[in-house]
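This is model_33.cif. It holds mmCIF, C-alpha atoms.
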```cif
data_input
loop_
_atom_site.group_PDB
_atom_site.id
_atom_site.type_symbol
_atom_site.label_atom_id
_atom_site.label_comp_id
_atom_site.auth_asym_id
_atom_site.auth_seq_id
_atom_site.Cartn_x
_atom_site.Cartn_y
_atom_site.Cartn_z
ATOM 1 C CA MET J 1 160.733 80.716 247.512
ATOM 2 C CA THR J 2 157.854 78.925 245.790
ATOM 3 C CA THR J 3 156.824 78.576 242.197
ATOM 4 C CA ALA J 4 153.436 79.387 240.714
ATOM 5 C CA PRO J 5 150.657 76.828 241.215
ATOM 6 C CA SER J 6 151.164 73.747 239.086
ATOM 7 C CA TRP J 7 148.315 72.571 236.858
ATOM 8 C CA VAL J 8 146.743 69.687 235.078
ATOM 9 C CA ALA J 9 145.062 71.422 232.133
ATOM 10 C CA PRO J 10 142.761 68.946 230.371
ATOM 11 C CA GLU J 11 141.901 69.123 226.715
ATOM 12 C CA VAL J 12 138.159 69.551 226.429
ATOM 13 C CA GLY J 13 136.536 70.112 223.074
ATOM 14 C CA ILE J 14 134.403 73.129 224.011
ATOM 15 C CA GLY J 15 135.584 76.661 223.367
ATOM 16 C CA GLY J 16 134.744 79.333 225.906
ATOM 17 C CA VAL J 17 135.145 77.047 228.943
ATOM 18 C CA GLU J 18 138.343 76.690 230.950
ATOM 19 C CA ILE J 19 139.153 73.832 233.354
ATOM 20 C CA ARG J 20 142.138 73.539 235.661
ATOM 21 C CA VAL J 21 143.162 70.984 238.276
ATOM 22 C CA THR J 22 145.776 72.083 240.780
ATOM 23 C CA THR J 23 148.546 69.697 241.748
ATOM 24 C CA ARG J 24 150.296 69.377 245.086
ATOM 25 C CA ALA J 25 153.218 71.541 243.890
ATOM 26 C CA GLY J 26 153.746 75.290 244.033
ATOM 27 C CA GLY J 27 152.387 76.217 247.471
ATOM 28 C CA VAL J 28 153.594 77.113 250.951
ATOM 29 C CA SER J 29 152.111 74.341 253.107
ATOM 30 C CA LEU J 30 154.484 72.072 255.035
ATOM 31 C CA PRO J 31 154.436 68.253 255.260
ATOM 32 C CA PRO J 32 152.156 66.349 255.303
ATOM 33 C CA TRP J 33 150.178 68.993 253.407
ATOM 34 C CA ASP J 34 153.067 69.845 251.079
ATOM 35 C CA THR J 35 152.733 72.133 249.371
ATOM 36 C CA GLN J 36 149.744 73.456 247.407
ATOM 37 C CA ASN J 37 147.072 72.347 249.881
ATOM 38 C CA LEU J 38 143.813 74.230 249.315
ATOM 39 C CA GLY J 39 141.682 72.436 251.906
ATOM 40 C CA ASP J 40 140.822 74.514 254.981
ATOM 41 C CA HIS J 41 139.379 71.542 256.881
ATOM 42 C CA VAL J 42 142.323 69.127 257.021
ATOM 43 C CA GLY J 43 144.375 70.515 259.920
ATOM 44 C CA ASP J 44 146.784 72.631 257.896
ATOM 45 C CA ASN J 45 147.951 76.063 259.094
ATOM 46 C CA PRO J 46 145.073 78.412 258.134
ATOM 47 C CA GLU J 47 147.534 81.110 257.064
ATOM 48 C CA HIS J 48 149.196 78.686 254.656
ATOM 49 C CA VAL J 49 145.854 77.647 253.176
ATOM 50 C CA ALA J 50 144.794 81.279 252.803
ATOM 51 C CA LYS J 51 148.070 82.136 251.056
ATOM 52 C CA ASN J 52 147.713 79.158 248.721
ATOM 53 C CA ARG J 53 144.194 80.259 247.830
ATOM 54 C CA ARG J 54 145.333 83.850 247.216
ATOM 55 C CA ARG J 55 148.106 82.612 244.940
ATOM 56 C CA LEU J 56 145.573 80.491 243.070
ATOM 57 C CA GLN J 57 143.241 83.451 242.648
ATOM 58 C CA ASP J 58 146.105 85.609 241.389
ATOM 59 C CA ALA J 59 147.133 82.937 238.861
ATOM 60 C CA LEU J 60 143.693 82.674 237.263
ATOM 61 C CA PRO J 61 142.030 85.147 234.855
ATOM 62 C CA VAL J 62 138.811 85.160 236.903
ATOM 63 C CA ASN J 63 136.984 87.648 239.096
ATOM 64 C CA HIS J 64 136.248 85.261 241.940
ATOM 65 C CA ILE J 65 136.575 81.625 243.039
ATOM 66 C CA ASN J 66 133.503 80.074 244.630
ATOM 67 C CA TRP J 67 134.331 77.431 247.247
ATOM 68 C CA LEU J 68 132.037 74.937 248.986
ATOM 69 C CA ARG J 69 131.843 73.401 252.420
ATOM 70 C CA GLN J 70 131.697 69.787 251.234
ATOM 71 C CA VAL J 71 129.938 67.082 253.262
ATOM 72 C CA HIS J 72 129.720 64.090 250.867
ATOM 73 C CA GLY J 73 126.083 64.963 250.233
ATOM 74 C CA THR J 74 123.934 65.797 247.214
ATOM 75 C CA ALA J 75 123.059 69.487 247.674
ATOM 76 C CA SER J 76 123.649 71.684 244.624
ATOM 77 C CA VAL J 77 123.658 75.491 244.630
ATOM 78 C CA GLN J 78 123.838 78.349 242.155
ATOM 79 C CA ALA J 79 127.044 80.328 242.700
ATOM 80 C CA ILE J 80 125.827 83.916 242.854
ATOM 81 C CA SER J 81 127.696 85.442 245.796
ATOM 82 C CA ASP J 82 130.940 85.192 247.735
ATOM 83 C CA GLN J 83 129.416 82.967 250.427
ATOM 84 C CA VAL J 84 130.662 79.417 251.074
ATOM 85 C CA PRO J 85 127.556 77.219 251.239
ATOM 86 C CA THR J 86 127.344 73.680 252.554
ATOM 87 C CA ALA J 87 126.966 71.700 249.350
ATOM 88 C CA ASP J 88 128.830 69.301 247.078
ATOM 89 C CA ALA J 89 127.950 70.793 243.704
ATOM 90 C CA GLN J 90 127.492 74.227 242.175
ATOM 91 C CA TRP J 91 126.758 75.895 238.855
ATOM 92 C CA THR J 92 126.834 79.329 237.264
ATOM 93 C CA SER J 93 126.101 81.205 234.057
ATOM 94 C CA ASP J 94 128.309 84.139 235.090
ATOM 95 C CA PRO J 95 131.458 84.614 233.011
ATOM 96 C CA GLY J 96 134.653 84.988 235.010
ATOM 97 C CA ARG J 97 133.326 83.189 238.090
ATOM 98 C CA ALA J 98 135.377 80.061 238.805
ATOM 99 C CA LEU J 99 133.703 77.133 240.541
ATOM 100 C CA ALA J 100 135.865 74.886 242.705
ATOM 101 C CA VAL J 101 135.620 71.525 244.434
ATOM 102 C CA LEU J 102 138.296 69.917 246.593
ATOM 103 C CA THR J 103 139.378 66.285 246.284
ATOM 104 C CA ALA J 104 142.068 63.801 247.295
ATOM 105 C CA ASP J 105 140.766 60.562 245.686
ATOM 106 C CA CYS J 106 137.091 61.482 245.274
ATOM 107 C CA LEU J 107 135.912 62.225 241.743
ATOM 108 C CA PRO J 108 135.509 65.809 240.508
ATOM 109 C CA VAL J 109 132.967 66.049 237.685
ATOM 110 C CA VAL J 110 132.781 69.176 235.526
ATOM 111 C CA PHE J 111 129.736 70.027 233.415
ATOM 112 C CA MET J 112 129.475 72.491 230.541
ATOM 113 C CA THR J 113 126.843 73.213 227.960
ATOM 114 C CA ARG J 114 127.958 72.876 224.374
ATOM 115 C CA ASP J 115 127.316 76.588 223.807
ATOM 116 C CA ALA J 116 129.540 77.351 226.853
ATOM 117 C CA ARG J 117 126.781 79.388 228.506
ATOM 118 C CA CYS J 118 126.523 77.393 231.714
ATOM 119 C CA VAL J 119 129.049 75.398 233.756
ATOM 120 C CA GLY J 120 128.971 73.319 236.914
ATOM 121 C CA VAL J 121 131.132 71.076 239.062
ATOM 122 C CA ALA J 122 130.448 68.310 241.578
ATOM 123 C CA HIS J 123 132.424 66.547 244.295
ATOM 124 C CA ALA J 124 131.572 62.869 243.926
ATOM 125 C CA GLY J 125 132.980 60.440 246.434
ATOM 126 C CA TRP J 126 131.275 57.078 246.501
ATOM 127 C CA ARG J 127 128.654 58.240 249.015
ATOM 128 C CA GLY J 128 127.654 61.304 247.044
ATOM 129 C CA LEU J 129 127.827 59.481 243.737
ATOM 130 C CA ALA J 130 125.555 56.669 244.926
ATOM 131 C CA ALA J 131 123.186 59.143 246.597
ATOM 132 C CA GLY J 132 122.774 61.164 243.395
ATOM 133 C CA VAL J 133 124.990 64.258 243.570
ATOM 134 C CA LEU J 134 125.480 64.279 239.788
ATOM 135 C CA GLU J 135 121.752 63.987 239.168
ATOM 136 C CA SER J 136 121.128 66.762 241.716
ATOM 137 C CA LEU J 137 123.481 69.143 239.926
ATOM 138 C CA ILE J 138 122.077 68.318 236.498
ATOM 139 C CA ALA J 139 118.531 68.911 237.757
ATOM 140 C CA SER J 140 119.480 72.265 239.283
ATOM 141 C CA MET J 141 121.122 73.642 236.128
ATOM 142 C CA PRO J 142 118.799 75.624 233.813
ATOM 143 C CA VAL J 143 119.587 73.407 230.831
ATOM 144 C CA THR J 144 118.560 70.049 229.434
ATOM 145 C CA PRO J 145 120.869 67.077 230.102
ATOM 146 C CA ALA J 146 121.286 66.408 226.395
ATOM 147 C CA THR J 147 123.081 69.762 225.981
ATOM 148 C CA LEU J 148 125.740 68.922 228.587
ATOM 149 C CA THR J 149 129.244 67.571 228.272
ATOM 150 C CA ALA J 150 130.821 66.084 231.391
ATOM 151 C CA TRP J 151 134.539 65.873 232.160
ATOM 152 C CA LEU J 152 135.830 63.431 234.793
ATOM 153 C CA GLY J 153 138.823 64.799 236.697
ATOM 154 C CA PRO J 154 141.607 62.971 238.556
ATOM 155 C CA ALA J 155 140.369 60.377 241.068
ATOM 156 C CA ILE J 156 141.462 57.091 242.538
ATOM 157 C CA SER J 157 141.562 54.339 239.931
ATOM 158 C CA GLN J 158 140.006 50.900 240.196
ATOM 159 C CA ALA J 159 143.419 49.286 240.673
ATOM 160 C CA ALA J 160 143.897 51.198 243.939
ATOM 161 C CA TYR J 161 140.343 51.453 245.294
ATOM 162 C CA GLU J 162 139.372 48.494 247.460
ATOM 163 C CA VAL J 163 135.925 48.722 249.064
ATOM 164 C CA GLY J 164 133.714 46.569 251.230
ATOM 165 C CA PRO J 165 130.403 44.986 250.260
ATOM 166 C CA ALA J 166 128.389 47.930 251.589
ATOM 167 C CA VAL J 167 129.739 50.153 248.814
ATOM 168 C CA LYS J 168 128.978 47.605 246.136
ATOM 169 C CA ASP J 169 125.458 47.084 247.512
ATOM 170 C CA ALA J 170 124.790 50.832 247.608
ATOM 171 C CA PHE J 171 125.397 51.160 243.881
ATOM 172 C CA ARG J 172 123.505 48.003 243.047
ATOM 173 C CA GLN J 173 120.442 49.389 244.798
ATOM 174 C CA VAL J 174 120.595 52.508 242.631
ATOM 175 C CA LEU J 175 121.924 51.230 239.310
ATOM 176 C CA GLY J 176 120.829 47.613 239.374
ATOM 177 C CA ASP J 177 122.719 44.775 237.708
ATOM 178 C CA CYS J 178 124.602 47.093 235.348
ATOM 179 C CA SER J 179 126.771 48.226 238.275
ATOM 180 C CA GLU J 180 128.234 44.717 238.656
ATOM 181 C CA ALA J 181 130.746 45.330 235.868
ATOM 182 C CA CYS J 182 132.203 48.227 237.861
ATOM 183 C CA PHE J 183 133.491 45.913 240.610
ATOM 184 C CA VAL J 184 136.049 43.123 240.475
ATOM 185 C CA PRO J 185 136.943 40.871 243.437
ATOM 186 C CA SER J 186 139.898 42.012 245.513
ATOM 187 C CA ALA J 187 142.968 39.807 245.286
ATOM 188 C CA VAL J 188 143.962 40.888 248.800
ATOM 189 C CA GLN J 189 140.886 40.605 250.993
ATOM 190 C CA GLU J 190 138.102 38.106 250.489
ATOM 191 C CA GLY J 191 134.671 39.663 250.290
ATOM 192 C CA HIS J 192 136.047 43.021 249.170
ATOM 193 C CA TRP J 193 135.965 44.596 245.745
ATOM 194 C CA MET J 194 137.957 46.930 243.528
ATOM 195 C CA ALA J 195 135.596 49.746 242.554
ATOM 196 C CA ASP J 196 135.736 51.772 239.333
ATOM 197 C CA LEU J 197 134.508 55.271 240.237
ATOM 198 C CA TYR J 198 134.906 56.446 236.660
ATOM 199 C CA ALA J 199 132.702 53.665 235.270
ATOM 200 C CA LEU J 200 130.123 54.197 238.015
ATOM 201 C CA ALA J 201 130.000 57.919 237.222
ATOM 202 C CA ARG J 202 129.472 57.160 233.537
ATOM 203 C CA LEU J 203 126.506 54.953 234.422
ATOM 204 C CA HIS J 204 124.979 57.718 236.547
ATOM 205 C CA LEU J 205 125.543 60.257 233.775
ATOM 206 C CA ARG J 206 124.031 58.023 231.120
ATOM 207 C CA ARG J 207 120.983 57.435 233.307
ATOM 208 C CA ALA J 208 120.639 61.206 233.779
ATOM 209 C CA GLY J 209 120.717 61.833 230.025
ATOM 210 C CA VAL J 210 124.315 63.048 229.588
ATOM 211 C CA SER J 211 125.775 61.178 226.623
ATOM 212 C CA GLU J 212 129.052 63.034 226.047
ATOM 213 C CA VAL J 213 131.641 62.245 228.720
ATOM 214 C CA GLN J 214 135.352 63.049 228.547
ATOM 215 C CA GLY J 215 138.326 62.510 230.875
ATOM 216 C CA GLY J 216 138.550 59.745 233.442
ATOM 217 C CA ASP J 217 142.119 58.633 232.796
ATOM 218 C CA ARG J 218 144.166 59.812 235.796
ATOM 219 C CA CYS J 219 144.835 58.155 239.176
ATOM 220 C CA THR J 220 145.373 60.272 242.281
ATOM 221 C CA HIS J 221 146.702 57.276 244.210
ATOM 222 C CA GLY J 222 149.287 56.339 241.589
ATOM 223 C CA GLU J 223 150.546 59.833 240.702
ATOM 224 C CA ALA J 224 152.169 60.808 243.992
ATOM 225 C CA ASP J 225 154.251 63.588 242.439
ATOM 226 C CA HIS J 226 151.135 65.341 241.186
ATOM 227 C CA PHE J 227 148.198 64.558 243.433
ATOM 228 C CA PHE J 228 147.188 64.236 247.054
ATOM 229 C CA SER J 229 145.606 60.875 247.921
ATOM 230 C CA TYR J 230 143.767 60.171 251.148
ATOM 231 C CA ARG J 231 143.909 56.414 250.528
ATOM 232 C CA ARG J 232 147.676 56.478 249.857
ATOM 233 C CA ASP J 233 148.855 59.088 252.372
ATOM 234 C CA GLY J 234 146.346 58.717 255.186
ATOM 235 C CA ASP J 235 144.978 61.449 257.410
ATOM 236 C CA PRO J 236 146.037 64.229 257.323
ATOM 237 C CA THR J 237 146.793 65.047 253.728
ATOM 238 C CA GLY J 238 146.089 67.982 251.444
ATOM 239 C CA ARG J 239 143.430 68.655 248.843
ATOM 240 C CA MET J 240 143.596 69.664 245.188
ATOM 241 C CA ALA J 241 141.062 71.919 243.512
ATOM 242 C CA THR J 242 139.247 71.283 240.254
ATOM 243 C CA LEU J 243 138.010 74.566 238.780
ATOM 244 C CA VAL J 244 135.822 75.517 235.832
ATOM 245 C CA TRP J 245 134.728 78.887 234.500
ATOM 246 C CA ARG J 246 133.234 80.574 231.490
ATOM 247 C CA ALA J 247 136.032 82.411 229.769
ATOM 248 C CA ASP J 248 133.939 84.944 227.846
#
```
Could you write out this file's structure as structure tokens?
Amino acid sequence: MTTAPSWVAPEVGIGGVEIRVTTRAGGVSLPPWDTQNLGDHVGDNPEHVAKNRRRLQDALPVNHINWLRQVHGTASVQAISDQVPTADAQWTSDPGRALAVLTADCLPVVFMTRDARCVGVAHAGWRGLAAGVLESLIASMPVTPATLTAWLGPAISQAAYEVGPAVKDAFRQVLGDCSEACFVPSAVQEGHWMADLYALARLHLRRAGVSEVQGGDRCTHGEADHFFSYRRDGDPTGRMATLVWRAD
């Protein structure tokens, strides 16, 4: 016997838009994917993943959930059908169509216009973030950046995210000297750095013209009861979904 999917329901100051983040509780998957794993690419029993996704669909007041085949890239698509495209970001103006991305330490970024007429979501690991996945989604949406509010969902925090110099250099090439403040030297391994994905995302958003940014205060690595974490649990582990939809 399982309970209904468990949620993180953020407070976002825009009426007409709903955001949910699933937790690892309330599903049927077995360890190490226990229990609400929604990722169909992590080695879990496909029947368990399908059942978890059906339960998620049944728990939401939406007509359809649009999923992506994520590749840590920058492609952004308009969600207009039931297909599962290869992309890391999507947007829609359709009410009742939920957009989903899967994460387990990477950063989910939700976008919504202030009139709640258009929403989007991006999967932003460090590769996609540095390569411009947020900018790609913003450019593909039929709105101006100044009308957007962004919400940063649960991701690995700086205290838990040690990276090598290649990651630091990748952001410096894109953001310049302002990215330096997003990295502090690791106390464990010389020549490595603790990276702040949230701060890096805010720099990318500011550069793209998005001035209103909310969220960015949860840690997937530190909240083991709530979230899957690839860095904490290793491979394999499950995936949470971050979803957004127009409610009207």
For this session: Can you work out the spacing between CA of Val8 in chain J and CA of Cys118 in chain J in Å, to one decimal?
Result: 21.9 Å
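Going from CA of Gln189 in chain J over to CA of Gly164 in chain J, you cover 9.3 Å.
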Exercise. What do you get, as number ranges by chain, if you spell out every residue that the PyMOL selection byres ((chain J and resi 79) around 10) selects here?
Worked result: J: 65-68, 76-78, 80-85, 89-94, 97-99, 120
Problem set entry | Non-local contacts of Leu148 in chain J (9 Å; all atoms listed in the file; under 2 positions in same chain excluded) as a VMD selection string | chain J and resid 111 to 114 119 138 143 to 146 150 209 to 213
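Each of J:Ala122, J:Ala87, J:Ile19, J:Leu134 was compared to Pro61 in chain J using only C-alpha atoms, and J:Ile19 turns out to be the nearest.
Shortest separation to Gly39 in chain J among J:Ala208, J:Ala159, J:Ala104, J:Val109 occurs at residue J:Ala104, atoms counted being all atoms listed in the file.
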Do you know which residues are at most 12 Å from Ala130 in chain J counting only C-alpha atoms, after dropping those on the same chain fewer than 4 positions away, and could you put them as a compact mmCIF listing (two decimals) with C-alpha atoms, in the coordinates of the input?
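Dumped everything to result_20.txt:
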```txt
# COMPACT_ATOMS: atom_id res chain seq x y z
CA HIS J 72 129.72 64.09 250.87
CA GLY J 73 126.08 64.96 250.23
CA THR J 74 123.93 65.80 247.21
CA ALA J 124 131.57 62.87 243.93
CA GLY J 125 132.98 60.44 246.43
CA TRP J 126 131.28 57.08 246.50
CA LEU J 134 125.48 64.28 239.79
CA GLU J 135 121.75 63.99 239.17
CA SER J 136 121.13 66.76 241.72
CA ALA J 166 128.39 47.93 251.59
CA VAL J 167 129.74 50.15 248.81
CA LYS J 168 128.98 47.60 246.14
CA ASP J 169 125.46 47.08 247.51
CA ALA J 170 124.79 50.83 247.61
CA PHE J 171 125.40 51.16 243.88
CA ARG J 172 123.50 48.00 243.05
CA GLN J 173 120.44 49.39 244.80
CA VAL J 174 120.60 52.51 242.63
CA LEU J 175 121.92 51.23 239.31
CA GLY J 176 120.83 47.61 239.37
CA SER J 179 126.77 48.23 238.28
CA LEU J 197 134.51 55.27 240.24
CA LEU J 200 130.12 54.20 238.02
CA ALA J 201 130.00 57.92 237.22
CA LEU J 203 126.51 54.95 234.42
CA HIS J 204 124.98 57.72 236.55
CA LEU J 205 125.54 60.26 233.78
```
Supply range 122-135 of chain J as a PDB file, in the frame of the given file, with N, CA and C atoms built in where the input has gaps.
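As a result, selection_24.pdb now contains:
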```pdb
ATOM      1  N   ALA J 122     130.922  69.112 240.445  1.00  0.00           N
ATOM      2  CA  ALA J 122     130.448  68.310 241.578  1.00  0.00           C
ATOM      3  C   ALA J 122     131.598  67.556 242.206  1.00  0.00           C
ATOM      4  N   HIS J 123     131.521  67.392 243.518  1.00  0.00           N
ATOM      5  CA  HIS J 123     132.424  66.547 244.295  1.00  0.00           C
ATOM      6  C   HIS J 123     131.709  65.221 244.503  1.00  0.00           C
ATOM      7  N   ALA J 124     132.266  64.157 243.924  1.00  0.00           N
ATOM      8  CA  ALA J 124     131.572  62.869 243.926  1.00  0.00           C
ATOM      9  C   ALA J 124     132.462  61.779 244.504  1.00  0.00           C
ATOM     10  N   GLY J 125     132.475  61.656 245.824  1.00  0.00           N
ATOM     11  CA  GLY J 125     132.980  60.440 246.434  1.00  0.00           C
ATOM     12  C   GLY J 125     131.940  59.349 246.268  1.00  0.00           C
ATOM     13  N   TRP J 126     132.230  58.159 246.759  1.00  0.00           N
ATOM     14  CA  TRP J 126     131.275  57.078 246.501  1.00  0.00           C
ATOM     15  C   TRP J 126     129.933  57.358 247.158  1.00  0.00           C
ATOM     16  N   ARG J 127     129.930  57.967 248.342  1.00  0.00           N
ATOM     17  CA  ARG J 127     128.654  58.240 249.015  1.00  0.00           C
ATOM     18  C   ARG J 127     127.804  59.212 248.209  1.00  0.00           C
ATOM     19  N   GLY J 128     128.409  60.330 247.817  1.00  0.00           N
ATOM     20  CA  GLY J 128     127.654  61.304 247.044  1.00  0.00           C
ATOM     21  C   GLY J 128     127.254  60.790 245.680  1.00  0.00           C
ATOM     22  N   LEU J 129     128.138  60.033 245.047  1.00  0.00           N
ATOM     23  CA  LEU J 129     127.827  59.481 243.737  1.00  0.00           C
ATOM     24  C   LEU J 129     126.638  58.537 243.817  1.00  0.00           C
ATOM     25  N   ALA J 130     126.661  57.620 244.774  1.00  0.00           N
ATOM     26  CA  ALA J 130     125.555  56.669 244.926  1.00  0.00           C
ATOM     27  C   ALA J 130     124.259  57.375 245.322  1.00  0.00           C
ATOM     28  N   ALA J 131     124.383  58.442 246.112  1.00  0.00           N
ATOM     29  CA  ALA J 131     123.186  59.143 246.597  1.00  0.00           C
ATOM     30  C   ALA J 131     122.585  60.061 245.546  1.00  0.00           C
ATOM     31  N   GLY J 132     123.344  60.384 244.482  1.00  0.00           N
ATOM     32  CA  GLY J 132     122.774  61.164 243.395  1.00  0.00           C
ATOM     33  C   GLY J 132     123.266  62.592 243.273  1.00  0.00           C
ATOM     34  N   VAL J 133     124.514  62.882 243.665  1.00  0.00           N
ATOM     35  CA  VAL J 133     124.990  64.258 243.570  1.00  0.00           C
ATOM     36  C   VAL J 133     125.069  64.736 242.122  1.00  0.00           C
ATOM     37  N   LEU J 134     125.419  63.857 241.187  1.00  0.00           N
ATOM     38  CA  LEU J 134     125.480  64.279 239.788  1.00  0.00           C
ATOM     39  C   LEU J 134     124.082  64.603 239.263  1.00  0.00           C
ATOM     40  N   GLU J 135     123.135  63.752 239.584  1.00  0.00           N
ATOM     41  CA  GLU J 135     121.752  63.987 239.168  1.00  0.00           C
ATOM     42  C   GLU J 135     121.204  65.274 239.789  1.00  0.00           C
TER      43      GLU J 135
END
```
